[in-house]
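K.L.:
So that you have it, the file is final-v3.txt, and it contains compact mmCIF, C-alpha atoms and all ligand atoms:
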# COMPACT_ATOMS: atom_id res chain seq x y z
CA MET A 16 120.35 -16.98 -55.46
CA VAL A 17 123.91 -18.18 -55.19
CA VAL A 18 124.93 -21.46 -56.83
CA THR A 19 127.86 -23.30 -55.26
CA MET A 20 129.49 -25.88 -57.55
CA ARG A 21 131.11 -29.11 -56.36
CA ARG A 22 134.88 -29.09 -56.20
CA SER A 23 134.82 -31.84 -58.80
CA ALA A 24 132.69 -29.80 -61.22
CA GLN A 25 134.15 -29.42 -64.70
CA ALA A 26 134.29 -26.26 -66.78
CA ASP A 27 131.37 -27.43 -68.92
CA ASP A 28 129.27 -28.01 -65.79
CA VAL A 29 129.86 -24.38 -64.84
CA ALA A 30 129.12 -23.24 -68.40
CA ARG A 31 125.84 -25.19 -68.35
CA VAL A 32 124.71 -23.45 -65.17
CA VAL A 33 125.68 -20.05 -66.59
CA SER A 34 123.80 -20.66 -69.84
CA THR A 35 120.73 -21.98 -67.98
CA ILE A 36 120.62 -18.74 -66.02
CA GLU A 37 121.17 -16.58 -69.09
CA VAL A 38 118.66 -18.39 -71.29
CA SER A 39 116.08 -17.63 -68.60
CA GLY A 40 116.87 -13.92 -68.80
CA GLY A 41 119.11 -13.69 -65.73
CA THR A 42 122.76 -12.64 -65.42
CA ALA A 43 125.38 -15.00 -64.00
CA ARG A 44 128.44 -13.73 -62.13
CA LEU A 45 131.21 -16.21 -61.56
CA SER A 46 133.48 -16.18 -58.55
CA ARG A 47 136.48 -18.42 -58.89
CA THR A 48 138.55 -17.99 -55.83
CA GLY A 49 139.24 -20.92 -53.57
CA SER A 50 138.36 -24.51 -54.19
CA ALA A 51 134.94 -24.29 -55.80
CA ALA A 52 133.23 -22.09 -58.36
CA VAL A 53 130.39 -19.95 -57.05
CA ILE A 54 127.84 -18.33 -59.34
CA GLY A 55 125.76 -15.33 -58.31
CA VAL A 56 122.43 -15.00 -60.06
CA LEU A 57 121.34 -11.43 -60.84
CA GLY A 58 117.92 -10.35 -62.01
CA GLU A 59 116.42 -13.76 -61.54
CA GLY A 60 113.07 -13.69 -63.24
CA VAL A 61 110.15 -15.98 -63.75
CA GLY A 62 112.17 -18.58 -65.60
CA ILE A 63 114.76 -19.52 -62.98
CA THR A 64 113.99 -21.70 -60.01
CA PRO A 65 116.39 -23.22 -57.50
CA GLU A 66 115.03 -26.64 -58.48
CA ALA A 67 116.05 -26.18 -62.12
CA LEU A 68 119.60 -25.33 -61.11
CA VAL A 69 120.17 -27.80 -58.28
CA SER A 70 119.52 -30.76 -60.57
CA LEU A 71 122.25 -29.74 -63.05
CA PRO A 72 125.49 -31.77 -63.05
CA GLY A 73 128.21 -30.43 -60.78
CA VAL A 74 125.92 -28.30 -58.63
CA GLU A 75 126.50 -28.76 -54.91
CA ARG A 76 123.76 -26.47 -53.65
CA VAL A 77 121.63 -23.46 -54.46
CA THR A 78 121.20 -20.96 -51.66
CA ALA A 79 118.54 -18.30 -51.54
CA VAL A 80 120.20 -15.13 -50.25
CA ASP A 81 118.66 -11.82 -49.25
CA LYS A 82 117.42 -10.45 -52.55
CA SER A 83 118.85 -7.01 -51.82
CA TYR A 84 122.48 -8.03 -52.16
CA ARG A 85 124.19 -11.19 -53.38
CA LEU A 86 127.52 -10.30 -55.02
CA ALA A 87 128.47 -8.67 -51.72
CA HIS A 88 127.19 -11.70 -49.78
CA ARG A 89 129.77 -13.80 -47.99
CA LEU A 90 128.46 -16.91 -49.76
CA PHE A 91 129.71 -15.49 -53.05
CA ARG A 92 133.32 -15.69 -51.85
CA PRO A 93 133.35 -17.53 -48.52
CA GLU A 94 137.09 -17.18 -47.90
CA GLY A 95 136.94 -13.38 -48.17
CA SER A 96 138.14 -10.93 -50.82
CA VAL A 97 141.50 -9.24 -51.11
CA VAL A 98 141.36 -5.89 -52.94
CA ALA A 99 144.66 -4.37 -54.06
CA ILE A 100 145.17 -0.60 -54.00
CA GLY A 101 148.19 -0.15 -56.22
CA ASP A 102 150.40 -2.99 -55.00
CA VAL A 103 149.00 -3.02 -51.45
CA PRO A 104 146.55 -5.85 -50.70
CA VAL A 105 143.60 -4.90 -48.46
CA GLY A 106 141.93 -7.91 -46.83
CA GLY A 107 143.61 -11.21 -46.14
CA ASN A 108 145.86 -11.51 -43.12
CA GLY A 109 147.98 -8.34 -43.19
CA LEU A 110 146.78 -5.02 -41.81
CA VAL A 111 146.88 -1.95 -44.03
CA LEU A 112 147.27 1.67 -42.91
CA MET A 113 146.04 4.61 -44.98
CA ALA A 114 146.94 8.05 -43.70
CA GLY A 115 147.26 11.65 -44.76
CA PRO A 116 145.57 15.02 -44.48
CA CYS A 117 141.83 15.58 -44.60
CA ALA A 118 142.32 18.00 -47.47
CA VAL A 119 145.12 18.66 -49.91
CA GLU A 120 146.05 22.28 -49.13
CA SER A 121 149.34 22.89 -50.92
CA GLU A 122 152.25 21.02 -52.43
CA ALA A 123 154.40 21.60 -49.35
CA GLN A 124 151.66 20.50 -46.92
CA LEU A 125 150.86 17.34 -48.89
CA LEU A 126 154.48 16.30 -49.35
CA ALA A 127 155.26 16.85 -45.67
CA ALA A 128 152.21 14.79 -44.72
CA ALA A 129 153.03 12.05 -47.24
CA GLN A 130 156.64 11.71 -46.14
CA GLY A 131 155.59 11.86 -42.48
CA VAL A 132 153.02 9.08 -42.73
CA ARG A 133 155.29 6.93 -44.86
CA GLU A 134 158.02 7.15 -42.23
CA GLY A 135 155.41 6.38 -39.59
CA GLY A 136 154.44 3.14 -41.34
CA ALA A 137 151.53 4.04 -43.64
CA HIS A 138 151.09 2.03 -46.83
CA ILE A 139 148.65 4.28 -48.66
CA LEU A 140 148.29 8.08 -48.82
CA ARG A 141 144.88 9.67 -48.29
CA GLY A 142 144.01 13.26 -49.08
CA GLY A 143 140.91 15.09 -50.25
CA ALA A 144 140.87 17.20 -53.42
CA PHE A 145 137.08 17.45 -53.60
CA LYS A 146 135.67 18.04 -50.12
CA PRO A 147 131.99 17.51 -49.24
CA ARG A 148 131.74 20.10 -46.46
CA THR A 149 128.70 20.52 -44.24
CA SER A 150 128.78 24.30 -44.70
CA PRO A 151 129.07 25.89 -48.15
CA TYR A 152 131.36 28.51 -46.59
CA SER A 153 133.97 25.95 -45.43
CA PHE A 154 137.07 25.19 -47.52
CA GLN A 155 135.85 23.11 -50.46
CA GLY A 156 139.17 21.63 -51.54
CA LEU A 157 141.55 22.41 -54.39
CA GLY A 158 139.67 20.28 -56.92
CA ARG A 159 141.65 19.40 -60.06
CA GLU A 160 144.75 21.13 -58.71
CA GLY A 161 144.50 18.87 -55.64
CA LEU A 162 144.41 15.82 -57.92
CA ARG A 163 147.58 17.01 -59.62
CA LEU A 164 149.31 17.39 -56.25
CA LEU A 165 148.17 13.92 -55.17
CA ALA A 166 149.59 12.39 -58.34
CA ALA A 167 152.85 14.25 -57.66
CA ALA A 168 152.94 12.97 -54.06
CA ARG A 169 152.40 9.43 -55.34
CA ALA A 170 155.31 9.86 -57.74
CA ALA A 171 157.52 11.34 -55.00
CA THR A 172 156.80 8.73 -52.32
CA GLY A 173 155.73 5.63 -54.25
CA MET A 174 152.63 5.35 -52.08
CA PRO A 175 149.29 4.56 -53.75
CA VAL A 176 146.69 7.28 -53.28
CA VAL A 177 143.06 7.19 -52.17
CA THR A 178 140.89 10.26 -52.65
CA GLU A 179 137.21 11.09 -52.68
CA VAL A 180 135.10 11.51 -55.78
CA MET A 181 131.82 13.39 -55.42
CA GLU A 182 130.34 13.49 -58.90
CA PRO A 183 129.93 10.93 -61.69
CA SER A 184 131.42 13.44 -64.15
CA GLU A 185 134.67 13.56 -62.10
CA VAL A 186 135.21 9.80 -61.83
CA GLU A 187 137.51 9.61 -64.83
CA ALA A 188 139.73 12.49 -63.71
CA VAL A 189 139.97 11.18 -60.15
CA ALA A 190 140.71 7.65 -61.40
CA GLU A 191 143.60 9.03 -63.45
CA ALA A 192 145.20 10.75 -60.44
CA ALA A 193 144.40 8.18 -57.74
CA ASP A 194 144.70 4.43 -57.17
CA CYS A 195 141.44 4.15 -55.22
CA LEU A 196 138.19 6.10 -55.41
CA GLN A 197 136.56 7.02 -52.13
CA VAL A 198 132.80 7.40 -51.89
CA GLY A 199 132.19 9.48 -48.79
CA ALA A 200 129.65 8.88 -46.04
CA ARG A 201 127.37 11.63 -47.34
CA ASN A 202 127.29 10.00 -50.77
CA MET A 203 126.82 6.38 -49.70
CA GLN A 204 123.34 6.29 -51.21
CA ASN A 205 124.08 8.51 -54.21
CA THR A 206 123.15 5.84 -56.72
CA PRO A 207 124.34 7.65 -59.88
CA LEU A 208 127.77 8.01 -58.23
CA LEU A 209 127.77 4.34 -57.11
CA ARG A 210 126.98 3.25 -60.68
CA ALA A 211 129.69 5.52 -62.07
CA VAL A 212 132.43 4.17 -59.80
CA GLY A 213 131.08 0.69 -60.54
CA GLN A 214 132.04 1.24 -64.15
CA SER A 215 135.56 2.34 -63.25
CA ASP A 216 138.51 -0.04 -63.14
CA ARG A 217 139.74 1.47 -59.86
CA PRO A 218 139.02 -0.05 -56.45
CA VAL A 219 136.42 1.81 -54.40
CA LEU A 220 136.54 2.68 -50.70
CA LEU A 221 132.89 2.89 -49.64
CA LYS A 222 132.30 4.74 -46.39
CA ARG A 223 129.24 3.90 -44.35
CA GLY A 224 126.64 6.66 -44.22
CA LEU A 225 126.37 8.36 -40.85
CA ALA A 226 122.84 7.03 -40.36
CA ALA A 227 122.97 3.94 -42.58
CA THR A 228 122.27 0.40 -41.42
CA VAL A 229 124.76 -2.33 -42.25
CA ASP A 230 122.29 -3.76 -44.77
CA GLU A 231 121.95 -0.37 -46.50
CA TRP A 232 125.75 -0.14 -46.63
CA LEU A 233 126.00 -3.58 -48.24
CA GLN A 234 123.29 -2.68 -50.75
CA ALA A 235 125.29 0.40 -51.67
CA ALA A 236 128.30 -1.89 -52.23
CA GLU A 237 126.07 -4.13 -54.36
CA TYR A 238 125.34 -1.17 -56.69
CA ILE A 239 129.08 -0.97 -57.41
CA LEU A 240 129.57 -4.74 -57.72
CA ALA A 241 126.54 -5.13 -59.99
CA GLN A 242 128.17 -2.72 -62.48
CA GLY A 243 131.09 -5.11 -62.79
CA ASN A 244 133.61 -3.53 -60.42
CA GLU A 245 134.48 -6.31 -57.97
CA ARG A 246 136.96 -4.25 -55.96
CA VAL A 247 135.05 -2.68 -53.08
CA ILE A 248 136.47 -1.97 -49.61
CA LEU A 249 134.04 -1.04 -46.83
CA CYS A 250 134.86 1.67 -44.29
CA GLU A 251 133.09 2.17 -40.95
CA ARG A 252 133.44 5.80 -39.81
CA GLY A 253 130.92 6.35 -37.04
CA LEU A 254 127.21 6.98 -36.79
CA ARG A 255 125.22 9.97 -35.60
CA GLY A 256 124.95 9.55 -31.84
CA PHE A 257 123.51 11.67 -29.08
CA ASP A 258 126.60 12.35 -26.97
CA GLY A 259 128.63 15.34 -28.07
CA HIS A 260 131.90 14.12 -26.54
CA THR A 261 132.69 12.36 -29.81
CA ARG A 262 131.90 13.68 -33.27
CA PHE A 263 130.23 10.39 -34.26
CA LEU A 264 129.66 7.09 -32.49
CA LEU A 265 132.13 4.52 -33.82
CA ASP A 266 130.18 1.32 -34.50
CA VAL A 267 132.86 -1.22 -33.61
CA SER A 268 130.27 -3.99 -33.75
CA ALA A 269 129.72 -3.24 -37.44
CA VAL A 270 133.10 -4.85 -38.13
CA PRO A 271 132.23 -8.39 -37.00
CA VAL A 272 128.62 -7.97 -38.19
CA ALA A 273 129.67 -6.99 -41.71
CA ARG A 274 132.39 -9.66 -41.63
CA ARG A 275 129.69 -12.29 -41.12
CA LEU A 276 127.52 -10.93 -43.94
CA THR A 277 130.06 -10.05 -46.65
CA HIS A 278 133.36 -11.17 -48.16
CA LEU A 279 134.46 -7.56 -48.76
CA PRO A 280 137.42 -6.15 -46.79
CA ILE A 281 136.48 -3.79 -43.95
CA ILE A 282 138.56 -0.91 -42.64
CA VAL A 283 137.81 1.69 -39.97
CA ASP A 284 138.20 5.47 -39.88
CA PRO A 285 138.80 6.40 -36.23
CA SER A 286 139.47 10.08 -37.06
CA HIS A 287 136.02 11.21 -38.22
CA ALA A 288 134.36 9.07 -35.54
CA ALA A 289 136.41 10.66 -32.75
CA GLY A 290 136.63 14.21 -34.05
CA ASP A 291 139.32 14.67 -31.40
CA ARG A 292 142.94 13.65 -31.87
CA GLU A 293 143.34 12.50 -28.28
CA LEU A 294 140.66 9.85 -28.80
CA VAL A 295 141.86 8.58 -32.18
CA PRO A 296 144.46 6.03 -30.92
CA ALA A 297 141.96 4.27 -28.61
CA LEU A 298 139.40 3.93 -31.40
CA ALA A 299 142.14 2.70 -33.76
CA ARG A 300 143.20 -0.01 -31.30
CA ALA A 301 139.57 -1.04 -30.77
CA ALA A 302 139.00 -1.30 -34.52
CA ILE A 303 141.95 -3.63 -35.03
CA ALA A 304 140.93 -5.66 -31.98
CA ALA A 305 137.44 -6.03 -33.50
CA GLY A 306 138.91 -7.50 -36.67
CA ALA A 307 139.22 -4.60 -39.09
CA ASP A 308 141.56 -5.15 -42.05
CA GLY A 309 143.09 -1.72 -41.63
CA LEU A 310 142.62 1.94 -40.79
CA ILE A 311 142.33 5.27 -42.54
CA VAL A 312 143.68 8.05 -40.32
CA GLU A 313 143.91 11.82 -40.75
CA VAL A 314 147.44 13.19 -40.28
CA HIS A 315 148.59 16.77 -40.85
CA PRO A 316 152.13 18.18 -40.53
CA THR A 317 150.73 21.15 -38.56
CA PRO A 318 147.21 20.22 -37.37
CA ASP A 319 146.57 23.62 -35.80
CA THR A 320 146.74 25.33 -39.18
CA ALA A 321 144.68 22.69 -41.05
CA LEU A 322 141.97 24.06 -43.34
CA SER A 323 139.64 21.17 -42.44
CA ASP A 324 139.29 18.65 -39.60
CA GLY A 325 142.33 20.00 -37.71
CA PRO A 326 141.05 18.99 -34.25
CA GLN A 327 141.08 15.30 -35.20
CA ALA A 328 144.35 15.33 -37.18
CA LEU A 329 147.39 13.61 -35.69
CA THR A 330 150.92 14.90 -36.13
CA PRO A 331 153.20 12.49 -38.01
CA THR A 332 154.90 11.71 -34.68
CA ALA A 333 151.57 10.84 -33.00
CA PHE A 334 150.70 8.72 -36.03
CA ALA A 335 153.95 6.76 -35.74
CA HIS A 336 153.07 6.03 -32.10
CA LEU A 337 149.57 4.89 -33.10
CA VAL A 338 151.12 2.54 -35.65
CA GLU A 339 153.26 0.94 -32.94
CA GLU A 340 150.19 0.39 -30.78
CA VAL A 341 147.95 -1.07 -33.49
CA SER A 342 150.86 -3.20 -34.65
CA ALA A 343 151.03 -4.73 -31.17
CA VAL A 344 147.26 -5.35 -31.13
CA GLY A 345 147.44 -6.93 -34.58
CA ALA A 346 150.40 -9.10 -33.59
CA ALA A 347 148.46 -10.40 -30.58
CA LEU A 348 145.77 -11.56 -33.00
CA GLY A 349 148.15 -13.06 -35.56
CA ARG A 350 147.62 -10.16 -37.97
CA PRO A 351 150.89 -8.36 -38.69
CA LEU A 352 151.10 -5.07 -40.55
CA HIS A 353 151.43 -5.56 -44.30
CA GLN A 354 155.10 -5.61 -45.31
CA ALA A 355 155.85 -4.04 -48.67
MN MN B 401 138.19 14.87 -42.93
Any chance you could give the structure as structure tokens?
P.N.:
Amino acid sequence: MVVTMRRSAQADDVARVVSTIEVSGGTARLSRTGSAAVIGVLGEGVGITPEALVSLPGVERVTAVDKSYRLAHRLFRPEGSVVAIGDVPVGGNGLVLMAGPCAVESEAQLLAAAQGVREGGAHILRGGAFKPRTSPYSFQGLGREGLRLLAAARAATGMPVVTEVMEPSEVEAVAEAADCLQVGARNMQNTPLLRAVGQSDRPVLLKRGLAATVDEWLQAAEYILAQGNERVILCERGLRGFDGHTRFLLDVSAVPVARRLTHLPIIVDPSHAAGDRELVPALARAAIAAGADGLIVEVHPTPDTALSDGPQALTPTAFAHLVEEVSAVGAALGRPLHQA
């Protein structure tokens, strides 16, 4: 259930609703953005009925929402959420660009990538220290040393950093080095990891699983939100398709579908969907046209020597060109690139 208060409701009206929920054994989560308070009811049990809540002073309406997610539900924050990564707001009107190498390989490679994407117009640096590779014989990332290099790149460029965390036991170390924790597609339904990042104070970039429905994706987000971390950004990155010309099938329709269902910001990863650098700009333009709040793009100073995902990596020059194109698409829709 989601309880929407009247705009005229007083603080003690809200407190009465919260205590009614809690006395009945439920948990109340308050959302206070916009003109009216909204209260999400978690773990509603035998004692709480919509009738008991709707008759309380100040209550405008009580809406039954899909039981599987409610803090992620658009009703909980109808005007949409803005989630800051460092000082960069994701969501809202401006478009945000995250870019950098698939994997952190060395100090020189990361710094060249970071400076290249910053000059090209990126707001946030991406780079993997812990890499979930399909084959155990592929490069697995530099691990803790990669985190150290990311923190150094952040200090050198001033760009906030997003990087993947794969294990609950690593959340603290990754949160220290990075401004945003990425949960990768292969871990979207790793519930211990979702709970662990839900207890972190860092924002979380939640990639959609490569065979996950939109509802499963939103339920994964709900795991994080239910732990108390309200800062979740969704990322569409392509589904398993049947045509080998692209690595995955970018689900552009997931952007407006998720937009209708949730208040969480939504970005798109055109790189892993395409798997081919020549296709990345078209998918990036399509994502912005479909209403995405931003992009996460793989860029490498020398893609041909990349230790992972080289075929889909753009050069910094190609990235700068992509930024010009998506900026034009965004401008046509009244959504300029975020200005620092
Ligand atoms: Mn990659």
K.L.:
Could you name the residues that touch region 197-204 of chain A at 7 Å or less, counting all atoms listed in the file, but leaving out those on the same chain fewer than 4 positions away, as a PyMOL selection string?
P.N.:
chain A and resi 177-180+219-225+235
K.L.:
Output C-alpha atoms for every residue in that selection, as a PDB file, keeping the file's coordinate frame.
P.N.:
ATOM      1  CA  VAL A 177     143.060   7.190 -52.170  1.00  0.00           C
ATOM      2  CA  THR A 178     140.890  10.260 -52.650  1.00  0.00           C
ATOM      3  CA  GLU A 179     137.210  11.090 -52.680  1.00  0.00           C
ATOM      4  CA  VAL A 180     135.100  11.510 -55.780  1.00  0.00           C
ATOM      5  CA  VAL A 219     136.420   1.810 -54.400  1.00  0.00           C
ATOM      6  CA  LEU A 220     136.540   2.680 -50.700  1.00  0.00           C
ATOM      7  CA  LEU A 221     132.890   2.890 -49.640  1.00  0.00           C
ATOM      8  CA  LYS A 222     132.300   4.740 -46.390  1.00  0.00           C
ATOM      9  CA  ARG A 223     129.240   3.900 -44.350  1.00  0.00           C
ATOM     10  CA  GLY A 224     126.640   6.660 -44.220  1.00  0.00           C
ATOM     11  CA  LEU A 225     126.370   8.360 -40.850  1.00  0.00           C
ATOM     12  CA  ALA A 235     125.290   0.400 -51.670  1.00  0.00           C
TER      13      ALA A 235
END
K.L.:
Mind listing as a list in words all residues within 12 Å of (142.3, 13.0, -65.8), counting only C-alpha atoms?
P.N.:
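Protein and nucleic acid residues near the point are Gly158, Arg159, Glu160, Gly161, Leu162, Arg163, Ala166, Ser184, Glu185, Val186, Glu187, Ala188, Val189, Ala190, Glu191, Ala192 and Ala193 of chain A.
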K.L.:
What separation in Å, quoted to one decimal, exists between CA of Leu86 (chain A) and CA of Ile239 (chain A)?
P.N.:
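Those two atoms sit 9.8 Å apart.
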K.L.:
Can you work out which residues are within 7 Å of ligand MN 401 (chain B), considering all atoms listed in the file, and then hand them over as a PyMOL selection string?
P.N.:
chain A and resi 117-118+287+313+323-324
K.L.:
Take the selection from the previous step and output its residues with C-alpha atoms, as a PDB file, in the coordinates of the input.
P.N.:
ATOM      1  CA  CYS A 117     141.830  15.580 -44.600  1.00  0.00           C
ATOM      2  CA  ALA A 118     142.320  18.000 -47.470  1.00  0.00           C
ATOM      3  CA  HIS A 287     136.020  11.210 -38.220  1.00  0.00           C
ATOM      4  CA  GLU A 313     143.910  11.820 -40.750  1.00  0.00           C
ATOM      5  CA  SER A 323     139.640  21.170 -42.440  1.00  0.00           C
ATOM      6  CA  ASP A 324     139.290  18.650 -39.600  1.00  0.00           C
TER       7      ASP A 324
END
K.L.:
A:Gly306, A:Pro285, A:Gly243, A:Gly143: which is nearest Ser268 (chain A), counting all atoms listed in the file?
P.N.:
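Checking each candidate against Ser268 (chain A), we get A:Gly306 as the closest.
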K.L.:
Counting all atoms listed in the file, which residue out of A:Gln130, A:Thr277, A:Ser150, A:Asn108 sits closest to Gly349 (chain A)?
P.N.:
A:Asn108
K.L.:
For a quick check of your reading of the model, name the residues lying within 8 Å of the coordinate (152.3, -6.0, -40.4), counting all atoms listed in the file, and write them as a VMD selection string.
P.N.:
chain A and resid 109 to 111 342 345 to 346 350 to 354
K.L.:
What does the structure give for the distance between CA of Glu37 (chain A) and CA of Gly55 (chain A), in Å to one decimal?
P.N.:
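Answer for the CA of Glu37 (chain A) to CA of Gly55 (chain A) separation: 11.8 Å.
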K.L.:
Report the distance between CA of Thr317 (chain A) and CA of His260 (chain A) in Å, rounded to one decimal place.
P.N.:
23.4 Å
K.L.:
Please provide as number ranges by chain all residues within 12 Å of Leu294 (chain A), with the sequence filter that same-chain residues fewer than 2 positions apart are discarded (counting all atoms listed in the file).
P.N.:
A: 260-265, 285-292, 296-301, 326-329, 333, 337
K.L.:
How about saving the chosen residues, C-alpha atoms kept, as a tab-separated table (two decimals), keeping the file's coordinate frame?
P.N.:
chain	number	residue	atom	x	y	z
A	260	HIS	CA	131.90	14.12	-26.54
A	261	THR	CA	132.69	12.36	-29.81
A	262	ARG	CA	131.90	13.68	-33.27
A	263	PHE	CA	130.23	10.39	-34.26
A	264	LEU	CA	129.66	7.09	-32.49
A	265	LEU	CA	132.13	4.52	-33.82
A	285	PRO	CA	138.80	6.40	-36.23
A	286	SER	CA	139.47	10.08	-37.06
A	287	HIS	CA	136.02	11.21	-38.22
A	288	ALA	CA	134.36	9.07	-35.54
A	289	ALA	CA	136.41	10.66	-32.75
A	290	GLY	CA	136.63	14.21	-34.05
A	291	ASP	CA	139.32	14.67	-31.40
A	292	ARG	CA	142.94	13.65	-31.87
A	296	PRO	CA	144.46	6.03	-30.92
A	297	ALA	CA	141.96	4.27	-28.61
A	298	LEU	CA	139.40	3.93	-31.40
A	299	ALA	CA	142.14	2.70	-33.76
A	300	ARG	CA	143.20	-0.01	-31.30
A	301	ALA	CA	139.57	-1.04	-30.77
A	326	PRO	CA	141.05	18.99	-34.25
A	327	GLN	CA	141.08	15.30	-35.20
A	328	ALA	CA	144.35	15.33	-37.18
A	329	LEU	CA	147.39	13.61	-35.69
A	333	ALA	CA	151.57	10.84	-33.00
A	337	LEU	CA	149.57	4.89	-33.10
K.L.:
Using all atoms listed in the file, find the one residue out of A:Leu240, A:Val53, A:Val344, A:Leu157 that sits nearest to Val212 (chain A).
P.N.:
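Distance minimum relative to Val212 (chain A) lands on A:Leu240.
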K.L.:
Given all atoms listed in the file as the basis, pick out the residue of A:Ala51, A:Leu196, A:Ile139, A:Leu71 nearest to Arg31 (chain A).
P.N.:
A:Leu71
K.L.:
Please list as a PyMOL selection string every residue within 12 Å of Arg274 (chain A), counting only C-alpha atoms and excluding residues in the same chain fewer than 2 positions away.
P.N.:
chain A and resi 87-90+92-96+106+229+233+248-251+267-272+276-282+305-308
K.L.:
Just need the box for region 122-137 of chain A, edges along x, y and z, holding every atom the file lists for it with 8 Å tacked onto each side, so centre and edge lengths in Å to one decimal, as AutoDock Vina command-line options.
P.N.:
--center_x 154.4 --center_y 12.4 --center_z -46.0 --size_x 23.2 --size_y 34.5 --size_z 28.8
K.L.:
Point out the residue among A:Ala302, A:Ala236, A:Leu209, A:Val56 with the least atom-to-atom distance to Gly253 (chain A), counting all atoms listed in the file.
P.N.:
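For Gly253 (chain A), the nearest of the candidates is A:Ala302.
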K.L.:
Select, from A:Pro65, A:Glu120, A:Val341, A:Pro104, the residue with the minimum atom-to-atom distance to Phe145 (chain A), counting only C-alpha atoms.
P.N.:
A:Glu120
K.L.:
Near His315 (chain A), within 6 Å and counting all atoms listed in the file, which residues show up once chain neighbours fewer than 4 positions away are dropped, as a compact mmCIF listing (two decimals) with C-alpha atoms, keeping the file's coordinate frame?
P.N.:
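around00.txt written:
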# COMPACT_ATOMS: atom_id res chain seq x y z
CA PRO A 116 145.57 15.02 -44.48
CA ALA A 128 152.21 14.79 -44.72
CA ALA A 328 144.35 15.33 -37.18
CA THR A 330 150.92 14.90 -36.13
